[in-house]
>>> print(open('my_file13.txt').read())   # compact mmCIF, N, CA and C atoms
# COMPACT_ATOMS: atom_id res chain seq x y z
N MET N 1 9.89 -6.83 10.14
CA MET N 1 8.71 -6.07 9.79
C MET N 1 7.51 -6.92 10.19
N LYS N 2 6.72 -6.39 11.09
CA LYS N 2 5.54 -7.11 11.54
C LYS N 2 4.29 -6.36 11.11
N PRO N 3 3.35 -7.07 10.48
CA PRO N 3 2.08 -6.41 10.13
C PRO N 3 1.22 -6.32 11.37
N PHE N 4 0.29 -5.40 11.35
CA PHE N 4 -0.70 -5.44 12.41
C PHE N 4 -2.05 -5.65 11.75
N ALA N 5 -2.81 -6.58 12.33
CA ALA N 5 -4.09 -6.98 11.77
C ALA N 5 -5.16 -5.97 12.12
N LEU N 6 -6.24 -6.02 11.41
CA LEU N 6 -7.33 -5.09 11.58
C LEU N 6 -8.44 -5.73 12.39
N ASP N 7 -8.90 -5.04 13.42
CA ASP N 7 -10.05 -5.50 14.19
C ASP N 7 -11.29 -4.86 13.55
N VAL N 8 -12.08 -5.68 12.87
CA VAL N 8 -13.26 -5.15 12.18
C VAL N 8 -14.55 -5.49 12.89
N THR N 9 -14.46 -5.80 14.17
CA THR N 9 -15.67 -6.13 14.91
C THR N 9 -16.57 -4.91 15.07
N GLU N 10 -15.97 -3.73 15.02
CA GLU N 10 -16.74 -2.51 15.15
C GLU N 10 -16.25 -1.50 14.13
N GLY N 11 -17.11 -1.02 13.27
CA GLY N 11 -16.73 0.01 12.31
C GLY N 11 -16.65 1.37 12.99
N VAL N 12 -15.97 2.28 12.36
CA VAL N 12 -15.88 3.64 12.86
C VAL N 12 -16.44 4.54 11.78
N GLU N 13 -17.55 5.18 12.06
CA GLU N 13 -18.16 6.06 11.09
C GLU N 13 -17.83 7.50 11.41
N LEU N 14 -17.42 8.23 10.40
CA LEU N 14 -17.09 9.64 10.53
C LEU N 14 -18.04 10.44 9.66
N ASP N 15 -18.29 11.69 10.05
CA ASP N 15 -19.12 12.55 9.23
C ASP N 15 -18.35 12.99 8.00
N MET N 16 -18.98 12.90 6.83
CA MET N 16 -18.39 13.42 5.61
C MET N 16 -19.16 14.66 5.23
N LEU N 17 -18.44 15.75 5.05
CA LEU N 17 -19.09 17.04 4.79
C LEU N 17 -19.34 17.30 3.32
N GLY N 18 -19.10 16.35 2.47
CA GLY N 18 -19.37 16.53 1.05
C GLY N 18 -18.10 16.74 0.27
N GLU N 19 -18.24 17.40 -0.85
CA GLU N 19 -17.13 17.60 -1.77
C GLU N 19 -16.47 18.94 -1.53
N VAL N 20 -15.15 18.98 -1.63
CA VAL N 20 -14.43 20.25 -1.59
C VAL N 20 -13.74 20.39 -2.94
N ARG N 21 -13.87 21.55 -3.54
CA ARG N 21 -13.36 21.79 -4.89
C ARG N 21 -11.83 21.90 -4.88
N ALA N 22 -11.22 21.27 -5.85
CA ALA N 22 -9.78 21.41 -6.04
C ALA N 22 -9.51 22.40 -7.17
N GLY N 23 -10.57 22.99 -7.70
CA GLY N 23 -10.45 24.00 -8.75
C GLY N 23 -10.85 25.34 -8.18
N PHE N 24 -11.91 25.93 -8.72
CA PHE N 24 -12.39 27.22 -8.24
C PHE N 24 -13.13 27.04 -6.92
N PRO N 25 -12.98 27.97 -5.98
CA PRO N 25 -13.65 27.87 -4.68
C PRO N 25 -15.17 27.82 -4.84
N SER N 26 -15.82 27.14 -3.88
CA SER N 26 -17.28 27.09 -3.84
C SER N 26 -17.72 27.28 -2.40
N LEU N 27 -19.00 27.51 -2.20
CA LEU N 27 -19.52 27.66 -0.86
C LEU N 27 -19.36 26.36 -0.08
N ALA N 28 -18.96 26.48 1.17
CA ALA N 28 -18.78 25.30 2.01
C ALA N 28 -20.10 24.89 2.64
N ASP N 29 -20.32 23.59 2.73
CA ASP N 29 -21.50 23.04 3.39
C ASP N 29 -21.00 22.34 4.64
N GLU N 30 -21.38 22.84 5.81
CA GLU N 30 -20.85 22.28 7.04
C GLU N 30 -21.76 21.26 7.68
N GLU N 31 -22.83 20.91 7.03
CA GLU N 31 -23.71 19.86 7.51
C GLU N 31 -23.26 18.54 6.90
N PRO N 32 -23.13 17.47 7.72
CA PRO N 32 -22.71 16.18 7.16
C PRO N 32 -23.67 15.71 6.07
N THR N 33 -23.10 15.20 4.97
CA THR N 33 -23.92 14.71 3.88
C THR N 33 -24.11 13.20 3.94
N GLU N 34 -23.17 12.52 4.60
CA GLU N 34 -23.27 11.06 4.74
C GLU N 34 -22.28 10.62 5.80
N LYS N 35 -22.38 9.34 6.18
CA LYS N 35 -21.43 8.74 7.11
C LYS N 35 -20.40 7.96 6.31
N LEU N 36 -19.17 8.03 6.76
CA LEU N 36 -18.08 7.35 6.08
C LEU N 36 -17.45 6.35 7.04
N ASP N 37 -17.46 5.08 6.68
CA ASP N 37 -16.83 4.02 7.46
C ASP N 37 -15.50 3.70 6.77
N LEU N 38 -14.40 4.09 7.39
CA LEU N 38 -13.09 3.91 6.78
C LEU N 38 -12.75 2.44 6.55
N VAL N 39 -13.18 1.56 7.43
CA VAL N 39 -12.91 0.14 7.25
C VAL N 39 -13.59 -0.36 5.98
N ARG N 40 -14.86 -0.02 5.81
CA ARG N 40 -15.57 -0.46 4.60
C ARG N 40 -14.98 0.16 3.34
N LEU N 41 -14.48 1.38 3.44
CA LEU N 41 -13.90 2.06 2.29
C LEU N 41 -12.56 1.45 1.89
N LEU N 42 -11.72 1.12 2.86
CA LEU N 42 -10.34 0.74 2.58
C LEU N 42 -10.07 -0.77 2.59
N VAL N 43 -10.99 -1.57 3.13
CA VAL N 43 -10.71 -2.99 3.32
C VAL N 43 -11.77 -3.83 2.62
N ARG N 44 -11.35 -4.57 1.57
CA ARG N 44 -12.28 -5.46 0.88
C ARG N 44 -12.34 -6.84 1.51
N HIS N 45 -11.21 -7.32 2.01
CA HIS N 45 -11.12 -8.67 2.58
C HIS N 45 -10.54 -8.57 3.99
N PRO N 46 -11.38 -8.33 5.00
CA PRO N 46 -10.88 -8.10 6.36
C PRO N 46 -9.97 -9.19 6.90
N SER N 47 -10.27 -10.46 6.63
CA SER N 47 -9.46 -11.53 7.21
C SER N 47 -8.09 -11.66 6.56
N SER N 48 -7.89 -11.03 5.41
CA SER N 48 -6.59 -11.14 4.73
C SER N 48 -5.93 -9.78 4.53
N THR N 49 -6.37 -8.78 5.29
CA THR N 49 -5.82 -7.44 5.15
C THR N 49 -5.00 -7.07 6.37
N PHE N 50 -3.83 -6.49 6.10
CA PHE N 50 -2.89 -6.13 7.16
C PHE N 50 -2.33 -4.73 6.89
N PHE N 51 -1.80 -4.12 7.95
CA PHE N 51 -1.18 -2.81 7.85
C PHE N 51 0.31 -2.95 8.14
N PHE N 52 1.12 -2.18 7.44
CA PHE N 52 2.55 -2.09 7.71
C PHE N 52 2.92 -0.61 7.76
N ARG N 53 3.92 -0.28 8.55
CA ARG N 53 4.49 1.06 8.53
C ARG N 53 5.74 1.01 7.66
N ILE N 54 5.89 1.97 6.75
CA ILE N 54 7.03 2.01 5.85
C ILE N 54 8.28 2.43 6.62
N GLY N 55 9.35 1.68 6.44
CA GLY N 55 10.66 2.04 6.96
C GLY N 55 11.61 2.11 5.79
N GLY N 56 12.33 3.19 5.66
CA GLY N 56 13.25 3.34 4.54
C GLY N 56 12.70 4.23 3.45
N THR N 57 13.53 4.44 2.42
CA THR N 57 13.19 5.43 1.40
C THR N 57 13.24 4.89 -0.03
N SER N 58 13.24 3.57 -0.20
CA SER N 58 13.37 3.03 -1.56
C SER N 58 12.12 3.19 -2.41
N MET N 59 10.99 3.60 -1.81
CA MET N 59 9.74 3.69 -2.57
C MET N 59 9.13 5.09 -2.57
N VAL N 60 9.95 6.13 -2.33
CA VAL N 60 9.41 7.49 -2.22
C VAL N 60 8.76 7.97 -3.52
N ASP N 61 9.27 7.54 -4.68
CA ASP N 61 8.66 7.96 -5.94
C ASP N 61 7.35 7.23 -6.23
N ALA N 62 7.00 6.25 -5.41
CA ALA N 62 5.71 5.57 -5.50
C ALA N 62 4.78 6.07 -4.39
N GLU N 63 5.13 7.25 -3.84
CA GLU N 63 4.32 7.88 -2.78
C GLU N 63 4.25 7.05 -1.51
N MET N 64 5.31 6.28 -1.23
CA MET N 64 5.42 5.53 0.01
C MET N 64 6.63 6.07 0.76
N ASP N 65 6.38 6.99 1.68
CA ASP N 65 7.44 7.63 2.42
C ASP N 65 7.62 6.97 3.78
N GLU N 66 8.81 7.14 4.35
CA GLU N 66 9.09 6.58 5.66
C GLU N 66 8.05 7.06 6.67
N GLY N 67 7.48 6.12 7.41
CA GLY N 67 6.46 6.43 8.40
C GLY N 67 5.03 6.28 7.88
N ASP N 68 4.83 6.26 6.56
CA ASP N 68 3.49 6.04 6.01
C ASP N 68 3.01 4.64 6.39
N ILE N 69 1.71 4.45 6.35
CA ILE N 69 1.13 3.13 6.60
C ILE N 69 0.57 2.62 5.29
N ILE N 70 0.90 1.37 4.96
CA ILE N 70 0.33 0.76 3.76
C ILE N 70 -0.68 -0.30 4.19
N ILE N 71 -1.72 -0.43 3.39
CA ILE N 71 -2.72 -1.47 3.59
C ILE N 71 -2.43 -2.55 2.56
N VAL N 72 -2.25 -3.78 3.04
CA VAL N 72 -1.83 -4.89 2.18
C VAL N 72 -2.88 -5.98 2.25
N ASP N 73 -3.35 -6.40 1.09
CA ASP N 73 -4.40 -7.41 0.99
C ASP N 73 -3.81 -8.68 0.39
N ARG N 74 -3.80 -9.75 1.16
CA ARG N 74 -3.25 -11.02 0.69
C ARG N 74 -4.21 -11.76 -0.24
N ALA N 75 -5.47 -11.33 -0.33
CA ALA N 75 -6.44 -11.99 -1.20
C ALA N 75 -6.41 -11.43 -2.62
N VAL N 76 -5.69 -10.35 -2.84
CA VAL N 76 -5.60 -9.76 -4.19
C VAL N 76 -4.50 -10.48 -4.96
N ASP N 77 -4.82 -10.94 -6.16
CA ASP N 77 -3.83 -11.61 -6.99
C ASP N 77 -2.79 -10.60 -7.48
N PRO N 78 -1.51 -10.92 -7.35
CA PRO N 78 -0.48 -10.01 -7.85
C PRO N 78 -0.59 -9.85 -9.36
N TYR N 79 -0.21 -8.68 -9.84
CA TYR N 79 -0.25 -8.39 -11.27
C TYR N 79 0.98 -7.57 -11.63
N ASN N 80 1.30 -7.52 -12.90
CA ASN N 80 2.48 -6.80 -13.35
C ASN N 80 2.42 -5.34 -12.93
N ASN N 81 3.50 -4.88 -12.35
CA ASN N 81 3.67 -3.50 -11.87
C ASN N 81 2.88 -3.16 -10.61
N CYS N 82 2.32 -4.17 -9.94
CA CYS N 82 1.67 -3.88 -8.66
C CYS N 82 2.75 -3.55 -7.63
N LYS N 83 2.34 -2.83 -6.60
CA LYS N 83 3.22 -2.62 -5.45
C LYS N 83 2.83 -3.69 -4.45
N ALA N 84 3.84 -4.37 -3.92
CA ALA N 84 3.54 -5.51 -3.06
C ALA N 84 4.60 -5.68 -1.98
N VAL N 85 4.17 -6.31 -0.89
CA VAL N 85 5.11 -6.76 0.13
C VAL N 85 5.56 -8.14 -0.33
N CYS N 86 6.88 -8.30 -0.46
CA CYS N 86 7.45 -9.56 -0.93
C CYS N 86 8.39 -10.13 0.12
N TYR N 87 8.46 -11.44 0.14
CA TYR N 87 9.38 -12.16 1.02
C TYR N 87 10.44 -12.77 0.12
N ILE N 88 11.70 -12.41 0.37
CA ILE N 88 12.79 -12.98 -0.41
C ILE N 88 13.95 -13.33 0.52
N ASP N 89 14.29 -14.61 0.52
CA ASP N 89 15.43 -15.12 1.29
C ASP N 89 15.44 -14.65 2.74
N GLY N 90 14.29 -14.77 3.40
CA GLY N 90 14.22 -14.49 4.82
C GLY N 90 13.93 -13.06 5.20
N GLU N 91 13.73 -12.19 4.22
CA GLU N 91 13.46 -10.78 4.52
C GLU N 91 12.22 -10.30 3.75
N TYR N 92 11.55 -9.33 4.33
CA TYR N 92 10.40 -8.71 3.68
C TYR N 92 10.80 -7.35 3.12
N THR N 93 10.21 -7.00 1.99
CA THR N 93 10.44 -5.69 1.38
C THR N 93 9.19 -5.29 0.62
N VAL N 94 8.99 -3.99 0.44
CA VAL N 94 7.90 -3.52 -0.42
C VAL N 94 8.54 -2.94 -1.67
N LYS N 95 8.06 -3.38 -2.82
CA LYS N 95 8.61 -2.95 -4.10
C LYS N 95 7.51 -3.02 -5.17
N ARG N 96 7.79 -2.40 -6.31
CA ARG N 96 6.95 -2.59 -7.50
C ARG N 96 7.38 -3.92 -8.12
N VAL N 97 6.44 -4.79 -8.43
CA VAL N 97 6.74 -6.12 -8.94
C VAL N 97 6.58 -6.12 -10.46
N GLU N 98 7.70 -6.31 -11.13
CA GLU N 98 7.71 -6.37 -12.59
C GLU N 98 7.74 -7.83 -13.00
N MET N 99 6.72 -8.27 -13.74
CA MET N 99 6.64 -9.66 -14.19
C MET N 99 6.63 -9.66 -15.72
N LEU N 100 7.74 -10.10 -16.31
CA LEU N 100 7.87 -10.13 -17.77
C LEU N 100 8.55 -11.42 -18.21
N ASP N 101 7.98 -12.08 -19.20
CA ASP N 101 8.58 -13.27 -19.80
C ASP N 101 8.96 -14.32 -18.76
N GLY N 102 8.11 -14.52 -17.77
CA GLY N 102 8.36 -15.53 -16.75
C GLY N 102 9.39 -15.14 -15.71
N LYS N 103 9.88 -13.90 -15.77
CA LYS N 103 10.86 -13.41 -14.80
C LYS N 103 10.20 -12.39 -13.89
N VAL N 104 10.70 -12.31 -12.67
CA VAL N 104 10.19 -11.35 -11.69
C VAL N 104 11.35 -10.48 -11.23
N ARG N 105 11.11 -9.16 -11.27
CA ARG N 105 12.08 -8.20 -10.73
C ARG N 105 11.36 -7.31 -9.73
N LEU N 106 12.03 -7.06 -8.62
CA LEU N 106 11.50 -6.17 -7.59
C LEU N 106 12.15 -4.82 -7.81
N MET N 107 11.33 -3.82 -8.13
CA MET N 107 11.83 -2.53 -8.57
C MET N 107 11.65 -1.47 -7.49
N PRO N 108 12.74 -0.80 -7.11
CA PRO N 108 12.63 0.32 -6.19
C PRO N 108 12.05 1.53 -6.92
N ALA N 109 11.67 2.54 -6.17
CA ALA N 109 11.13 3.77 -6.76
C ALA N 109 11.73 4.97 -6.03
N ASN N 110 13.01 5.20 -6.30
CA ASN N 110 13.69 6.36 -5.74
C ASN N 110 14.77 6.79 -6.72
N GLU N 111 14.40 7.69 -7.62
CA GLU N 111 15.31 8.15 -8.69
C GLU N 111 16.55 8.85 -8.14
N LEU N 112 16.44 9.51 -6.99
CA LEU N 112 17.55 10.30 -6.47
C LEU N 112 18.60 9.48 -5.73
N ASN N 113 18.26 8.26 -5.35
CA ASN N 113 19.20 7.46 -4.57
C ASN N 113 19.59 6.23 -5.39
N THR N 114 20.81 6.24 -5.92
CA THR N 114 21.25 5.16 -6.80
C THR N 114 21.66 3.89 -6.05
N LYS N 115 21.65 3.92 -4.72
CA LYS N 115 22.01 2.70 -3.98
C LYS N 115 20.91 1.65 -4.07
N PHE N 116 19.69 2.06 -4.41
CA PHE N 116 18.59 1.10 -4.52
C PHE N 116 18.58 0.52 -5.94
N LYS N 117 18.83 -0.76 -6.04
CA LYS N 117 18.91 -1.45 -7.33
C LYS N 117 17.75 -2.44 -7.46
N PRO N 118 17.34 -2.72 -8.70
CA PRO N 118 16.35 -3.78 -8.90
C PRO N 118 16.88 -5.11 -8.38
N ILE N 119 15.98 -5.94 -7.90
CA ILE N 119 16.33 -7.28 -7.44
C ILE N 119 15.70 -8.26 -8.41
N GLU N 120 16.55 -8.99 -9.13
CA GLU N 120 16.03 -10.01 -10.05
C GLU N 120 15.87 -11.31 -9.27
N VAL N 121 14.65 -11.81 -9.20
CA VAL N 121 14.38 -13.04 -8.46
C VAL N 121 14.90 -14.21 -9.29
N GLN N 122 15.73 -15.03 -8.65
CA GLN N 122 16.32 -16.20 -9.29
C GLN N 122 15.62 -17.47 -8.80
N PRO N 123 15.69 -18.56 -9.57
CA PRO N 123 15.04 -19.81 -9.14
C PRO N 123 15.51 -20.29 -7.77
N GLU N 124 16.75 -20.00 -7.41
CA GLU N 124 17.26 -20.46 -6.11
C GLU N 124 16.81 -19.59 -4.93
N ASN N 125 16.22 -18.43 -5.23
CA ASN N 125 15.72 -17.57 -4.15
C ASN N 125 14.46 -18.18 -3.54
N GLN N 126 14.35 -18.04 -2.22
CA GLN N 126 13.10 -18.36 -1.54
C GLN N 126 12.25 -17.10 -1.67
N PHE N 127 11.15 -17.16 -2.42
CA PHE N 127 10.43 -15.94 -2.79
C PHE N 127 8.92 -16.17 -2.83
N ILE N 128 8.18 -15.22 -2.25
CA ILE N 128 6.72 -15.16 -2.45
C ILE N 128 6.30 -13.69 -2.49
N ILE N 129 5.25 -13.44 -3.21
CA ILE N 129 4.60 -12.14 -3.12
C ILE N 129 3.59 -12.28 -1.98
N TRP N 130 3.90 -11.65 -0.85
CA TRP N 130 3.14 -11.84 0.39
C TRP N 130 1.76 -11.22 0.30
N GLY N 131 1.66 -10.03 -0.30
CA GLY N 131 0.37 -9.34 -0.42
C GLY N 131 0.52 -8.08 -1.25
N VAL N 132 -0.57 -7.66 -1.84
CA VAL N 132 -0.59 -6.49 -2.72
C VAL N 132 -1.00 -5.25 -1.93
N VAL N 133 -0.25 -4.16 -2.14
CA VAL N 133 -0.58 -2.89 -1.50
C VAL N 133 -1.82 -2.31 -2.18
N THR N 134 -2.83 -2.01 -1.37
CA THR N 134 -4.07 -1.45 -1.93
C THR N 134 -4.25 0.03 -1.62
N TYR N 135 -3.67 0.50 -0.50
CA TYR N 135 -3.76 1.91 -0.13
C TYR N 135 -2.52 2.32 0.64
N VAL N 136 -2.22 3.62 0.57
CA VAL N 136 -1.17 4.23 1.38
C VAL N 136 -1.84 5.30 2.22
N ILE N 137 -1.60 5.28 3.53
CA ILE N 137 -2.12 6.30 4.43
C ILE N 137 -0.95 7.22 4.78
N LYS N 138 -1.09 8.50 4.46
CA LYS N 138 -0.01 9.46 4.64
C LYS N 138 -0.38 10.49 5.69
N LYS N 139 0.63 10.94 6.40
CA LYS N 139 0.48 12.10 7.28
C LYS N 139 1.01 13.30 6.52
N MET N 140 0.24 14.33 6.43
CA MET N 140 0.65 15.51 5.66
C MET N 140 1.42 16.48 6.52
>>> encode(input="my_file13.txt", output="structure tokens")
Amino acid sequence: MKPFALDVTEGVELDMLGEVRAGFPSLADEEPTEKLDLVRLLVRHPSSTFFFRIGGTSMVDAEMDEGDIIIVDRAVDPYNNCKAVCYIDGEYTVKRVEMLDGKVRLMPANELNTKFKPIEVQPENQFIIWGVVTYVIKKM
């Protein structure tokens, strides 16, 4: 799994047409209300932010489906129940990180597939939390 880095030398601004109601319909405004720079919106720490494409289905219940792109920030401190890219014994994986009583477990999120089991990190494991997932980009 190779991350791809972000080139932030040039922002990309898109027209934002305002708010669209998710409740009762309202009149549409087709004139741009502001400019939206996706890099500024999604990336807090450009030099430590990377993108990965999801492969596999162990995190579908965490809204990370195969082919989605995750934005991972290495400058964000890991916290209990964060979703993170982790390195364990020579391999990378994305999981929910459960930190309790000095123990770390990497938790899958796929209720329908019982082949995905929690991974309890042991002292003999070579392990780091590589970076915290901050956003998921999905194709609808």
>>> closest_residue(input="my_file13.txt", among="N:Lys35, N:Trp130, N:Asn110, N:Cys82", to="N:Glu98", atoms="all atoms listed in the file")
N:Cys82
>>> atom_distance(input="my_file13.txt", atom1="atom C of N:Thr49", atom2="atom C of N:Asp89")
22.1 Å
>>> residues_around(input="my_file13.txt", residues="N:Val121", least_positions_apart="2", cutoff="7 Å", atoms="all atoms listed in the file", output="count of residues only")
8
>>> closest_residue(input="my_file13.txt", among="N:Phe127, N:Leu100, N:Pro118, N:Met59", to="N:Ile88", atoms="only C-alpha atoms")
N:Phe127
>>> closest_residue(input="my_file13.txt", among="N:Met140, N:Lys95, N:Arg53, N:Gly102", to="N:Lys83", atoms="all atoms listed in the file")
N:Lys95
>>> residues_near_point(input="my_file13.txt", point="(6.9, 0.5, -4.8)", cutoff="8 Å", atoms="only C-alpha atoms", output="PyMOL selection string")
chain N and resi 58-62+64+82-84+94-97+107-109
>>> select_by_dssp(input="my_file13.txt", residues="stretch 35-130 of chain N", states="alpha helix (DSSP H)", output="PyMOL selection string")
chain N and resi 38-42
>>> write_last_selection(input="my_file13.txt", atoms="N, CA and C atoms", output="PDB file, in the coordinates of the input")
ATOM      1  N   LEU N  38     -14.400   4.090   7.390  1.00  0.00           N
ATOM      2  CA  LEU N  38     -13.090   3.910   6.780  1.00  0.00           C
ATOM      3  C   LEU N  38     -12.750   2.440   6.550  1.00  0.00           C
ATOM      4  N   VAL N  39     -13.180   1.560   7.430  1.00  0.00           N
ATOM      5  CA  VAL N  39     -12.910   0.140   7.250  1.00  0.00           C
ATOM      6  C   VAL N  39     -13.590  -0.360   5.980  1.00  0.00           C
ATOM      7  N   ARG N  40     -14.860  -0.020   5.810  1.00  0.00           N
ATOM      8  CA  ARG N  40     -15.570  -0.460   4.600  1.00  0.00           C
ATOM      9  C   ARG N  40     -14.980   0.160   3.340  1.00  0.00           C
ATOM     10  N   LEU N  41     -14.480   1.380   3.440  1.00  0.00           N
ATOM     11  CA  LEU N  41     -13.900   2.060   2.290  1.00  0.00           C
ATOM     12  C   LEU N  41     -12.560   1.450   1.890  1.00  0.00           C
ATOM     13  N   LEU N  42     -11.720   1.120   2.860  1.00  0.00           N
ATOM     14  CA  LEU N  42     -10.340   0.740   2.580  1.00  0.00           C
ATOM     15  C   LEU N  42     -10.070  -0.770   2.590  1.00  0.00           C
TER      16      LEU N  42
END
